[in-house]
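J.: This is query-v5.txt (compact mmCIF, C-alpha atoms and all ligand atoms).
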```
# COMPACT_ATOMS: atom_id res chain seq x y z
CA MET D 1 111.53 118.65 113.37
CA SER D 2 111.03 116.37 116.33
CA LEU D 3 108.12 113.99 116.03
CA PRO D 4 105.82 112.97 118.86
CA GLU D 5 106.64 109.66 120.58
CA THR D 6 103.27 108.17 119.68
CA HIS D 7 100.56 108.54 117.06
CA LYS D 8 97.07 107.29 116.30
CA VAL D 9 96.48 104.45 113.82
CA VAL D 10 93.72 102.22 112.45
CA ARG D 11 94.68 98.58 112.99
CA LEU D 12 93.07 95.42 111.64
CA TYR D 13 93.28 92.27 113.76
CA PRO D 14 92.93 88.68 112.52
CA PRO D 15 90.94 86.79 111.54
CA SER D 16 88.61 89.56 110.21
CA HIS D 17 86.24 92.51 110.89
CA ASP D 18 88.24 93.63 113.95
CA ILE D 19 89.19 97.29 113.47
CA ARG D 20 90.76 99.11 116.42
CA VAL D 21 91.98 102.69 116.74
CA GLU D 22 95.19 102.60 118.76
CA ILE D 23 98.03 104.76 119.98
CA VAL D 24 101.38 103.27 118.92
CA PRO D 25 105.00 104.49 118.60
CA THR D 26 105.48 107.00 115.76
CA PRO D 27 107.37 105.50 112.80
CA LYS D 28 111.06 106.39 112.49
CA ILE D 29 113.55 106.49 109.63
CA GLU D 30 114.79 102.89 109.36
CA HIS D 31 116.72 103.13 106.10
CA ALA D 32 118.59 105.97 104.36
CA ASP D 33 115.97 106.05 101.55
CA ASP D 34 113.00 106.41 103.96
CA ALA D 35 110.75 109.41 104.44
CA ILE D 36 108.30 109.96 107.28
CA VAL D 37 105.09 111.58 106.09
CA ARG D 38 102.58 113.35 108.31
CA ILE D 39 99.20 112.27 106.93
CA ILE D 40 96.85 115.05 105.85
CA ILE D 41 94.10 112.74 104.70
CA ALA D 42 93.77 108.99 104.01
CA GLY D 43 91.30 106.86 102.07
CA LEU D 44 89.30 103.73 102.79
CA CYS D 45 89.26 101.65 99.62
CA GLY D 46 87.30 98.66 98.35
CA SER D 47 90.50 96.63 98.33
CA ASP D 48 90.99 97.29 102.08
CA LEU D 49 87.93 95.09 102.47
CA HIS D 50 89.65 91.95 101.16
CA ALA D 51 91.62 91.62 104.40
CA TYR D 52 88.81 93.11 106.51
CA ARG D 53 86.41 90.40 105.34
CA GLY D 54 89.05 87.73 105.91
CA HIS D 55 89.23 86.79 102.23
CA ASP D 56 92.88 87.74 102.28
CA LYS D 57 94.27 85.70 105.19
CA PHE D 58 96.73 87.35 107.58
CA ALA D 59 98.34 86.19 110.83
CA ASN D 60 99.37 89.47 112.44
CA SER D 61 97.55 92.76 112.94
CA PHE D 62 98.66 95.70 110.81
CA VAL D 63 98.04 99.42 110.24
CA CYS D 64 95.52 99.76 107.39
CA GLY D 65 95.26 101.99 104.35
CA HIS D 66 97.08 102.35 101.05
CA GLU D 67 95.73 105.75 99.97
CA PHE D 68 97.10 108.92 101.53
CA ALA D 69 98.33 112.44 100.95
CA GLY D 70 100.61 114.14 103.43
CA GLU D 71 103.58 116.31 104.21
CA VAL D 72 107.19 115.16 104.53
CA VAL D 73 108.40 115.58 108.11
CA ALA D 74 111.65 113.56 108.10
CA LEU D 75 114.07 112.24 105.48
CA GLY D 76 116.85 109.64 105.57
CA GLU D 77 120.47 110.27 104.71
CA SER D 78 120.08 109.53 100.99
CA TYR D 79 118.39 112.90 100.43
CA SER D 80 121.02 115.38 99.33
CA GLU D 81 122.12 117.40 96.33
CA THR D 82 124.73 114.78 95.50
CA ALA D 83 122.03 112.14 94.91
CA ALA D 84 121.59 113.23 91.28
CA ALA D 85 125.28 112.67 90.57
CA LEU D 86 124.89 109.17 91.97
CA GLY D 87 122.18 108.47 89.39
CA ARG D 88 119.39 108.21 91.95
CA PRO D 89 115.80 109.24 91.01
CA PRO D 90 115.42 113.07 91.01
CA LEU D 91 113.44 113.30 94.28
CA TYR D 92 116.46 112.14 96.30
CA ALA D 93 118.01 115.49 95.39
CA THR D 94 114.94 117.72 95.55
CA LEU D 95 112.56 116.38 98.22
CA LYS D 96 112.49 118.55 101.32
CA VAL D 97 110.86 118.48 104.72
CA GLY D 98 107.60 120.42 104.34
CA ASP D 99 106.83 119.19 100.80
CA LYS D 100 103.32 117.98 100.11
CA VAL D 101 103.28 114.47 98.63
CA VAL D 102 101.07 111.63 97.50
CA ALA D 103 102.14 108.00 97.30
CA PRO D 104 100.98 105.19 95.07
CA PHE D 105 99.46 102.28 96.98
CA THR D 106 102.74 100.38 96.67
CA SER D 107 106.28 101.56 97.17
CA SER D 108 108.45 101.50 94.05
CA CYS D 109 112.17 102.07 93.68
CA SER D 110 112.21 103.78 90.23
CA GLU D 111 115.56 102.01 89.75
CA CYS D 112 114.79 98.41 88.73
CA HIS D 113 113.93 96.94 85.31
CA PHE D 114 110.16 97.13 85.86
CA CYS D 115 110.29 100.71 87.16
CA ARG D 116 112.48 101.83 84.24
CA MET D 117 110.02 100.22 81.82
CA GLY D 118 107.15 102.14 83.46
CA PHE D 119 105.67 99.05 85.13
CA THR D 120 106.13 100.35 88.67
CA GLY D 121 103.22 98.29 90.02
CA ARG D 122 105.53 95.27 89.69
CA CYS D 123 108.68 96.92 91.05
CA GLU D 124 111.09 94.25 92.30
CA LYS D 125 111.05 95.95 95.71
CA CYS D 126 107.37 96.86 95.80
CA LEU D 127 105.50 96.64 99.09
CA LEU D 128 101.80 97.31 99.60
CA PHE D 129 100.97 100.00 102.13
CA GLY D 130 98.47 98.75 104.71
CA SER D 131 99.68 95.16 104.76
CA GLN D 132 101.56 92.96 107.23
CA ARG D 133 104.84 93.95 105.57
CA LEU D 134 104.29 97.71 105.47
CA SER D 135 102.18 99.87 107.79
CA GLY D 136 99.57 101.91 105.98
CA GLY D 137 98.34 105.46 105.87
CA GLN D 138 95.21 105.30 108.03
CA ALA D 139 97.31 106.90 110.74
CA GLN D 140 98.82 110.22 111.73
CA TYR D 141 102.25 109.31 110.35
CA VAL D 142 103.57 106.74 107.89
CA ARG D 143 107.04 105.52 106.94
CA VAL D 144 107.55 105.50 103.18
CA PRO D 145 110.35 103.17 102.03
CA LEU D 146 112.29 104.09 98.85
CA ALA D 147 110.52 107.43 99.11
CA GLY D 148 112.61 109.12 96.40
CA GLY D 149 111.27 106.55 93.93
CA THR D 150 107.82 106.20 95.41
CA LEU D 151 106.49 109.64 96.33
CA PHE D 152 105.12 112.26 93.99
CA LYS D 153 105.57 115.89 94.94
CA ILE D 154 102.56 118.23 94.80
CA PRO D 155 103.00 120.38 92.79
CA PRO D 156 105.80 118.65 90.86
CA ASP D 157 109.15 120.41 90.46
CA ASN D 158 108.38 121.29 86.83
CA VAL D 159 105.40 123.51 87.78
CA LYS D 160 106.93 126.94 87.62
CA THR D 161 104.67 129.48 85.92
CA GLU D 162 102.34 131.66 87.96
CA GLU D 163 99.35 130.34 86.02
CA ASP D 164 100.25 126.72 86.74
CA ILE D 165 100.89 127.40 90.42
CA THR D 166 97.48 129.09 90.75
CA GLN D 167 95.81 126.09 89.15
CA TRP D 168 97.51 123.73 91.59
CA LYS D 169 96.26 125.75 94.54
CA HIS D 170 92.70 124.75 93.60
CA ILE D 171 93.36 121.05 94.01
CA SER D 172 91.54 119.86 97.12
CA ASN D 173 93.41 117.64 99.58
CA ALA D 174 90.53 115.17 99.47
CA SER D 175 90.95 114.77 95.72
CA LEU D 176 94.67 114.05 96.15
CA VAL D 177 93.75 110.81 97.90
CA LEU D 178 92.19 109.68 94.61
CA MET D 179 95.69 109.84 93.12
CA ALA D 180 96.99 107.03 95.31
CA ASP D 181 94.97 104.40 93.55
CA ILE D 182 91.59 104.95 92.00
CA LEU D 183 92.13 107.74 89.46
CA PRO D 184 95.36 106.31 87.99
CA THR D 185 93.74 102.85 88.00
CA GLY D 186 90.64 104.10 86.19
CA LEU D 187 92.79 105.97 83.69
CA PHE D 188 95.00 102.91 83.23
CA ALA D 189 91.97 100.74 82.44
CA ALA D 190 90.60 103.29 79.95
CA THR D 191 94.00 103.81 78.31
CA GLN D 192 94.71 100.10 77.94
CA LEU D 193 91.30 99.72 76.32
CA LEU D 194 91.50 102.64 73.87
CA GLN D 195 95.11 101.90 72.88
CA HIS D 196 94.50 98.23 72.25
CA PRO D 197 95.31 97.10 68.68
CA ASN D 198 91.85 95.52 68.31
CA ILE D 199 90.13 98.85 69.06
CA LEU D 200 92.13 100.82 66.49
CA PRO D 201 90.04 99.74 63.45
CA ALA D 202 87.03 101.58 64.92
CA LEU D 203 89.06 104.55 66.17
CA LYS D 204 91.04 105.01 62.94
CA SER D 205 88.34 103.89 60.49
CA LYS D 206 90.79 101.43 58.99
CA PRO D 207 90.61 97.65 59.12
CA PHE D 208 93.05 95.46 60.98
CA PRO D 209 96.02 95.33 60.44
CA VAL D 210 96.20 98.46 58.25
CA SER D 211 95.22 100.38 61.40
CA LEU D 212 98.50 99.20 62.94
CA TYR D 213 100.84 99.91 60.01
CA GLU D 214 99.89 103.47 59.15
CA GLY D 215 103.32 104.35 57.79
CA ASN D 216 103.36 101.41 55.40
CA GLN D 217 101.34 102.68 52.43
CA LYS D 218 102.65 100.05 50.02
CA ALA D 219 101.37 97.13 52.04
CA ALA D 220 98.14 99.01 52.77
CA VAL D 221 97.43 99.22 49.03
CA GLY D 222 98.01 95.50 48.77
CA ALA D 223 95.62 94.91 51.67
CA ASN D 224 92.70 95.57 49.33
CA ILE D 225 90.74 97.60 51.84
CA ILE D 226 86.97 97.31 51.90
CA PRO D 227 85.63 100.57 53.34
CA LEU D 228 84.20 100.34 56.86
CA THR D 229 80.56 101.25 57.30
CA ASP D 230 79.39 103.74 59.93
CA VAL D 231 78.15 100.82 62.00
CA ASP D 232 81.58 99.14 61.82
CA LYS D 233 83.20 102.32 63.09
CA GLN D 234 80.94 102.62 66.11
CA LEU D 235 82.64 101.80 69.36
CA THR D 236 80.49 100.07 71.95
CA LEU D 237 81.97 99.67 75.41
CA ALA D 238 80.89 98.19 78.72
CA VAL D 239 82.11 99.26 82.14
CA ILE D 240 81.36 96.63 84.79
CA GLY D 241 81.49 97.94 88.36
CA LEU D 242 80.63 101.56 89.15
CA GLY D 243 82.51 102.10 92.39
CA PRO D 244 85.03 104.98 92.44
CA VAL D 245 87.46 103.23 90.06
CA GLY D 246 84.67 102.54 87.58
CA LEU D 247 83.64 106.20 87.71
CA CYS D 248 87.27 107.26 87.13
CA ALA D 249 87.46 104.86 84.19
CA ILE D 250 84.34 106.43 82.67
CA VAL D 251 85.64 109.99 83.15
CA SER D 252 88.95 108.88 81.59
CA LEU D 253 87.19 107.29 78.61
CA LEU D 254 85.16 110.45 77.97
CA GLU D 255 88.26 112.58 78.30
CA GLN D 256 90.26 110.49 75.83
CA LEU D 257 87.38 110.32 73.35
CA GLU D 258 86.99 114.11 73.54
CA SER D 259 89.86 114.61 71.07
CA ASN D 260 88.05 112.58 68.42
CA LYS D 261 84.56 114.03 68.14
CA SER D 262 83.82 112.23 64.88
CA GLN D 263 84.00 108.94 66.77
CA SER D 264 80.62 107.46 67.57
CA THR D 265 80.73 105.77 70.96
CA ARG D 266 78.20 104.05 73.17
CA ILE D 267 78.93 103.10 76.76
CA VAL D 268 76.85 100.85 78.95
CA ALA D 269 77.78 101.11 82.64
CA ILE D 270 76.71 98.15 84.75
CA ASP D 271 76.35 97.78 88.50
CA LEU D 272 74.04 95.96 90.91
CA LEU D 273 73.57 99.06 93.09
CA GLU D 274 71.12 101.72 92.01
CA SER D 275 72.93 104.47 93.95
CA ARG D 276 76.11 103.78 91.99
CA ARG D 277 74.27 103.76 88.66
CA THR D 278 72.65 107.09 89.51
CA LYS D 279 75.98 108.66 90.42
CA ALA D 280 77.57 107.44 87.17
CA ALA D 281 74.71 108.95 85.16
CA GLU D 282 74.97 112.28 87.03
CA ILE D 283 78.72 112.49 86.46
CA VAL D 284 78.42 111.82 82.73
CA LYS D 285 75.66 114.43 82.52
CA LYS D 286 77.81 117.00 84.31
CA ILE D 287 80.73 116.35 81.96
CA GLY D 288 78.43 116.87 78.98
CA GLY D 289 77.79 113.31 77.86
CA VAL D 290 79.76 111.04 75.57
CA PRO D 291 81.70 113.11 72.97
CA GLY D 292 80.36 113.08 69.42
CA ASN D 293 76.72 112.73 70.52
CA GLY D 294 77.45 109.27 71.84
CA LEU D 295 75.19 107.29 74.12
CA PHE D 296 75.57 106.47 77.79
CA LYS D 297 73.28 104.13 79.68
CA THR D 298 73.48 102.67 83.13
CA ALA D 299 72.11 99.19 83.68
CA THR D 300 71.69 96.18 85.91
CA ILE D 301 73.29 93.00 84.59
CA ASP D 302 70.20 91.82 82.71
CA GLU D 303 69.46 95.29 81.38
CA GLY D 304 73.10 95.57 80.28
CA LYS D 305 72.90 92.38 78.25
CA LYS D 306 69.71 93.58 76.57
CA ILE D 307 71.13 97.02 75.78
CA VAL D 308 74.27 95.54 74.24
CA ALA D 309 72.19 93.11 72.14
CA GLU D 310 69.96 95.96 70.92
CA TRP D 311 72.78 98.38 70.24
CA THR D 312 74.97 95.92 68.37
CA GLY D 313 72.43 93.60 66.74
CA GLY D 314 73.73 90.76 68.86
CA LEU D 315 77.43 91.29 68.01
CA GLY D 316 78.51 92.36 71.50
CA VAL D 317 80.71 95.19 72.74
CA ASN D 318 84.16 95.95 71.31
CA ALA D 319 85.60 96.04 74.79
CA ALA D 320 84.70 95.78 78.46
CA ILE D 321 86.40 97.19 81.53
CA GLU D 322 86.04 94.85 84.50
CA ILE D 323 86.61 96.57 87.83
CA VAL D 324 84.89 94.31 90.32
CA GLY D 325 87.60 91.67 90.69
CA HIS D 326 85.04 88.88 90.85
CA ASN D 327 84.58 85.84 88.63
CA ASP D 328 80.95 86.74 87.90
CA ALA D 329 82.04 90.13 86.56
CA LEU D 330 84.72 88.55 84.41
CA GLU D 331 82.20 86.05 83.03
CA LEU D 332 79.84 88.90 82.21
CA ALA D 333 82.65 90.76 80.41
CA PHE D 334 83.42 87.62 78.42
CA GLU D 335 79.76 87.21 77.53
CA LEU D 336 79.35 90.83 76.46
CA ILE D 337 82.35 91.16 74.14
CA ARG D 338 82.24 90.31 70.45
CA PRO D 339 84.93 88.24 68.68
CA PHE D 340 88.29 90.09 68.79
CA GLY D 341 86.91 91.89 71.83
CA VAL D 342 89.08 93.23 74.63
CA ILE D 343 88.66 92.81 78.38
CA THR D 344 90.71 95.09 80.59
CA SER D 345 90.47 93.90 84.15
CA VAL D 346 91.81 96.00 87.02
CA GLY D 347 89.70 94.45 89.79
CA VAL D 348 91.70 92.64 92.47
CA HIS D 349 91.00 88.98 91.71
CA GLN D 350 91.53 86.63 94.66
CA ASN D 351 90.25 83.38 93.22
CA HIS D 352 92.64 80.61 92.30
CA GLN D 353 90.80 80.02 89.07
CA VAL D 354 89.09 82.31 86.60
CA PRO D 355 85.97 81.05 84.81
CA LEU D 356 87.36 81.31 81.29
CA ILE D 357 88.04 78.23 79.21
CA GLY D 358 90.67 77.89 76.53
CA LYS D 359 88.22 77.05 73.77
CA GLY D 360 86.09 80.08 74.60
CA LEU D 361 89.12 82.38 74.59
CA TYR D 362 90.32 80.94 71.27
CA ASP D 363 86.94 80.93 69.56
CA LYS D 364 86.28 84.55 70.47
CA ASN D 365 89.88 85.77 69.93
CA VAL D 366 89.71 87.35 73.35
CA SER D 367 92.34 89.87 74.43
CA LEU D 368 92.62 89.83 78.18
CA VAL D 369 94.59 92.60 79.89
CA PHE D 370 94.85 91.97 83.61
CA GLY D 371 96.24 93.38 86.79
CA ARG D 372 97.53 96.12 89.01
CA CYS D 373 97.99 99.66 87.75
CA PRO D 374 101.53 101.05 87.70
CA VAL D 375 100.33 104.07 89.66
CA ARG D 376 103.67 105.84 89.96
CA THR D 377 104.16 106.10 86.20
CA MET D 378 100.50 106.94 85.56
CA PHE D 379 100.72 109.83 88.07
CA PRO D 380 101.51 112.76 85.74
CA PHE D 381 98.74 111.77 83.32
CA ALA D 382 96.21 111.17 86.09
CA LEU D 383 97.14 114.51 87.66
CA GLU D 384 96.26 116.33 84.45
CA LEU D 385 92.82 114.80 84.66
CA LEU D 386 92.56 115.57 88.37
CA LEU D 387 93.35 119.23 87.68
CA LYS D 388 90.99 119.47 84.74
CA ARG D 389 88.05 117.80 86.46
CA GLN D 390 88.12 119.27 89.95
CA ASP D 391 84.37 119.80 89.39
CA ILE D 392 84.01 116.03 89.76
CA PHE D 393 87.03 114.99 91.82
CA GLY D 394 87.34 118.01 94.11
CA ASP D 395 83.99 117.83 95.90
CA VAL D 396 82.89 115.75 98.86
CA GLY D 397 79.37 114.52 99.51
CA GLN D 398 77.76 115.96 96.37
CA GLU D 399 75.62 114.09 93.85
CA THR D 400 78.59 113.76 91.48
CA SER D 401 81.35 113.33 94.11
CA LEU D 402 83.47 110.22 94.24
CA ILE D 403 84.11 110.89 97.91
CA ASP D 404 81.11 110.53 100.17
CA ARG D 405 82.46 111.85 103.48
CA VAL D 406 85.52 112.83 105.48
CA VAL D 407 85.43 111.55 109.06
CA SER D 408 87.68 111.45 112.11
CA ILE D 409 90.00 108.47 112.38
CA ASP D 410 88.19 107.67 115.65
CA GLU D 411 85.18 106.68 113.54
CA ALA D 412 87.18 104.04 111.66
CA ALA D 413 85.43 100.95 113.03
CA GLU D 414 81.91 102.25 112.20
CA SER D 415 83.12 103.50 108.83
CA TYR D 416 84.50 100.08 107.88
CA VAL D 417 81.18 98.46 108.83
CA MET D 418 79.15 100.95 106.77
CA PHE D 419 81.50 100.85 103.78
CA ASP D 420 81.56 97.04 103.86
CA LYS D 421 77.76 96.90 103.83
CA GLY D 422 77.50 99.44 101.01
CA LEU D 423 75.73 101.90 103.32
CA CYS D 424 78.07 104.72 102.34
CA GLY D 425 80.35 105.65 99.47
CA LYS D 426 84.06 106.33 99.65
CA VAL D 427 85.20 107.45 103.09
CA LEU D 428 88.30 109.51 103.91
CA PHE D 429 89.92 109.77 107.32
CA ASP D 430 91.24 113.04 108.68
CA PRO D 431 93.63 111.81 111.39
CA TRP D 432 93.73 115.22 113.09
CA LYS D 433 89.96 115.82 113.30
ZN ZN D 501 92.69 101.63 96.89
ZN ZN D 502 111.53 99.22 91.07
```
As a first step, turn the structure in this file into structure tokens.
Ligand SMILES: [Zn+2]
Ligand SMILES: [Zn+2]
T.:
Amino acid sequence: MSLPETHKVVRLYPPSHDIRVEIVPTPKIEHADDAIVRIIIAGLCGSDLHAYRGHDKFANSFVCGHEFAGEVVALGESYSETAAALGRPPLYATLKVGDKVVAPFTSSCSECHFCRMGFTGRCEKCLLFGSQRLSGGQAQYVRVPLAGGTLFKIPPDNVKTEEDITQWKHISNASLVLMADILPTGLFAATQLLQHPNILPALKSKPFPVSLYEGNQKAAVGANIIPLTDVDKQLTLAVIGLGPVGLCAIVSLLEQLESNKSQSTRIVAIDLLESRRTKAAEIVKKIGGVPGNGLFKTATIDEGKKIVAEWTGGLGVNAAIEIVGHNDALELAFELIRPFGVITSVGVHQNHQVPLIGKGLYDKNVSLVFGRCPVRTMFPFALELLLKRQDIFGDVGQETSLIDRVVSIDEAAESYVMFDKGLCGKVLFDPWK
């Protein structure tokens, strides 16, 4: 397929707030592992705003956007049936022009230590789409480096039965953009929380560390277990920040708690914006509430503190998910958790210092889990959720939708302004509209 000489892109110019829609040369294959993807739809994300606001300094203009779904239109020389024999990741042998794909917000090789371990967000060769080093997806075309390790095929090669194929046909293109970042990130935050060793005593109704050594009955007998009370077994969680990632984290929590209906769980969801709190409440209502007749409340910061104090008799929450990426949010999480509490933070922190002091961390036995989601390895698990909850993720502009609107790429500058000021929810760009 021959590509047009030029294409349309959204470019950000230094020092900040200067978004321009431009016609530039169409990207070409530069390396044998590259793919060129024709964008179907691209997302505008809260983390695009770090550079837009000038918080993240940059010297040269660049094509924005790290969330996109598209169709492969060109492949480098590495893509052939012999790739499997060379030990390359499977997509080098199976990816074809015409395949629908999504990409994580960073490229990842699937061949280095971190990728093999499942920590693709820290791939040794990772590059962030929509940065000075790699043009992003708010465009008509994008070059994907290390595409055989980075891209995810929709549907994946293992979807073969008629029933599965039919189910995949119902996935909306708009919802695929959620796969690039926010759904895997929300799921990652929820998973890290619920799998944390300090949460297991409540989930398994066994004290620490018996909850960790389930196979070791002999030692468990010696541990002289005092039975947990119903109050001990209650799980109280806080979610701080109810943007799209926060909403995905809540949906993921509910989904993972669904398998354990005897678990009593209470979730307080905190945000400064009323519109976000309302949306969170509507989504939880639509899903059917917190499994096991649990409680869900949305709150402002002060209300959140009061609710946690009331619910827990002043103990604090077992764990908090911090999604804002701001020191105030981290401080709030620290304040809300009880001793041996867990904070999972997936917000993009830019500050040189965090407001936590060593004595405070020690005295509260704080577990702090920080950082970027390994989106590529979370993909298959996030996709299951995306398929299952198309009622939430598939819609645009509804009361319970994570995506507020799909606009033409020509409306990029106005959309950035509105999104930055909180005047609209998540915006997607259709570059062909
Ligand atoms: Zn994003
Ligand atoms: Zn890697």
J.: Give the answer as one residue: which of D:Gly360, D:Pro145, D:Gly98, D:Gly136 has the shortest atom-to-atom distance to ligand ZN 502 (chain D), using all atoms listed in the file?
T.: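 For ligand ZN 502 (chain D), the nearest of the given residues is D:Pro145.
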J.: Would you mind reading off the distance between atom CA of D:Val142 and atom CA of D:His66, one decimal, in Å?
T.: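 Between atom CA of D:Val142 and atom CA of D:His66 the gap is 10.4 Å.
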J.: To one decimal place, how far is atom CA of D:Asp363 from atom CA of D:Pro227 in Å?
T.: 25.5 Å
J.: When you look at D:Pro14 with a cut-off of 9 Å (counting all atoms listed in the file), what residues show up, excluding the ones that are within fewer than 3 positions of it in the same chain? I need them as a list in words.
T.: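 Surrounding residues, per the criterion: His17, Asp18, Ala51, Tyr52, Gly54, Lys57, Phe58, Ala59, Asn60 and Ser61 of chain D.
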J.: Which residues of chain D have any atom within 8 Å of an atom in ligand ZN 501 (chain D) when counting all atoms listed in the file, and what is the closest pair of atoms for each, with the distance in Å to one decimal? Order the rows by chain and rising number and write it as CSV.
T.:
```
residue,atom,partner,partner_atom,distance
D:Gly43,CA,D:ZN501,ZN,7.5
D:Leu44,CA,D:ZN501,ZN,7.1
D:Cys45,CA,D:ZN501,ZN,4.4
D:Gly46,CA,D:ZN501,ZN,6.3
D:Ser47,CA,D:ZN501,ZN,5.6
D:Asp48,CA,D:ZN501,ZN,7.0
D:Gly65,CA,D:ZN501,ZN,7.9
D:His66,CA,D:ZN501,ZN,6.1
D:Glu67,CA,D:ZN501,ZN,6.0
D:Phe105,CA,D:ZN501,ZN,6.8
D:Ala180,CA,D:ZN501,ZN,7.1
D:Asp181,CA,D:ZN501,ZN,4.9
D:Ile182,CA,D:ZN501,ZN,6.0
```
J.: Residues within 7 Å of ligand ZN 502 (chain D), counting only C-alpha atoms and all ligand atoms: report them as a list in words.
T.: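 Listed by chain and ascending number, the contacts are Ser108, Cys109, Ser110, Glu111, Cys112, His113, Phe114, Cys115, Thr120, Cys123, Glu124, Lys125 and Cys126 of chain D.
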J.: If you measure from atom CA of D:Ala329 to atom CA of D:Gly241, what distance in Å do you get, rounded to one decimal?
T.: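 Atom-to-atom, atom CA of D:Ala329 to atom CA of D:Gly241, that is 8.0 Å.
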J.: Tell me, as a list in words, which residues lie within 10 Å of D:Pro355, counting only C-alpha atoms; anything in the same chain fewer than 3 positions away does not count.
T.: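 Within the cut-off, the hits are His326, Asn327, Asp328, Leu330, Glu331, Phe334 and Asn351 of chain D.
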J.: As a list in words, please: the residues near D:Val9 (cut-off 10 Å, all atoms listed in the file, same-chain neighbours under 4 positions excluded).
T.: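 Everything that qualifies: Arg20, Val21, Glu22, Ile23, Val24, Pro25, Thr26, Phe62, Val63, Cys64, Gly65, Ser135, Gly136, Gly137, Gln138, Ala139, Gln140, Tyr141, Val142, Ile409, Asp410, Ala412 and Pro431 of chain D.
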J.: For D:Asp395, find every residue with an atom within 9 Å (counting all atoms listed in the file), except residues of its own chain fewer than 6 positions away, and show them as a ChimeraX atom specification.
T.: /D:172,174-175,401-404
J.: Compare D:Ala281, D:Thr265, D:Val346, D:Leu257 by their minimum atom-to-atom distance to D:Pro374, counting all atoms listed in the file, and give me the closest one.
T.: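 The shortest atom-to-atom distance to D:Pro374 comes from D:Val346.
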J.: May I ask which of the residues D:Thr82, D:Asn173, D:Gln353, D:Thr185 is the closest one to D:Phe381, counting all atoms listed in the file?
T.: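 Between D:Thr82, D:Asn173, D:Gln353, D:Thr185, the residue approaching D:Phe381 most closely is D:Thr185.
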J.: For D:Ser80, which residue out of D:Leu253, D:Ala32, D:Val37, D:Leu273 is the nearest one, using all atoms listed in the file?
T.: D:Ala32
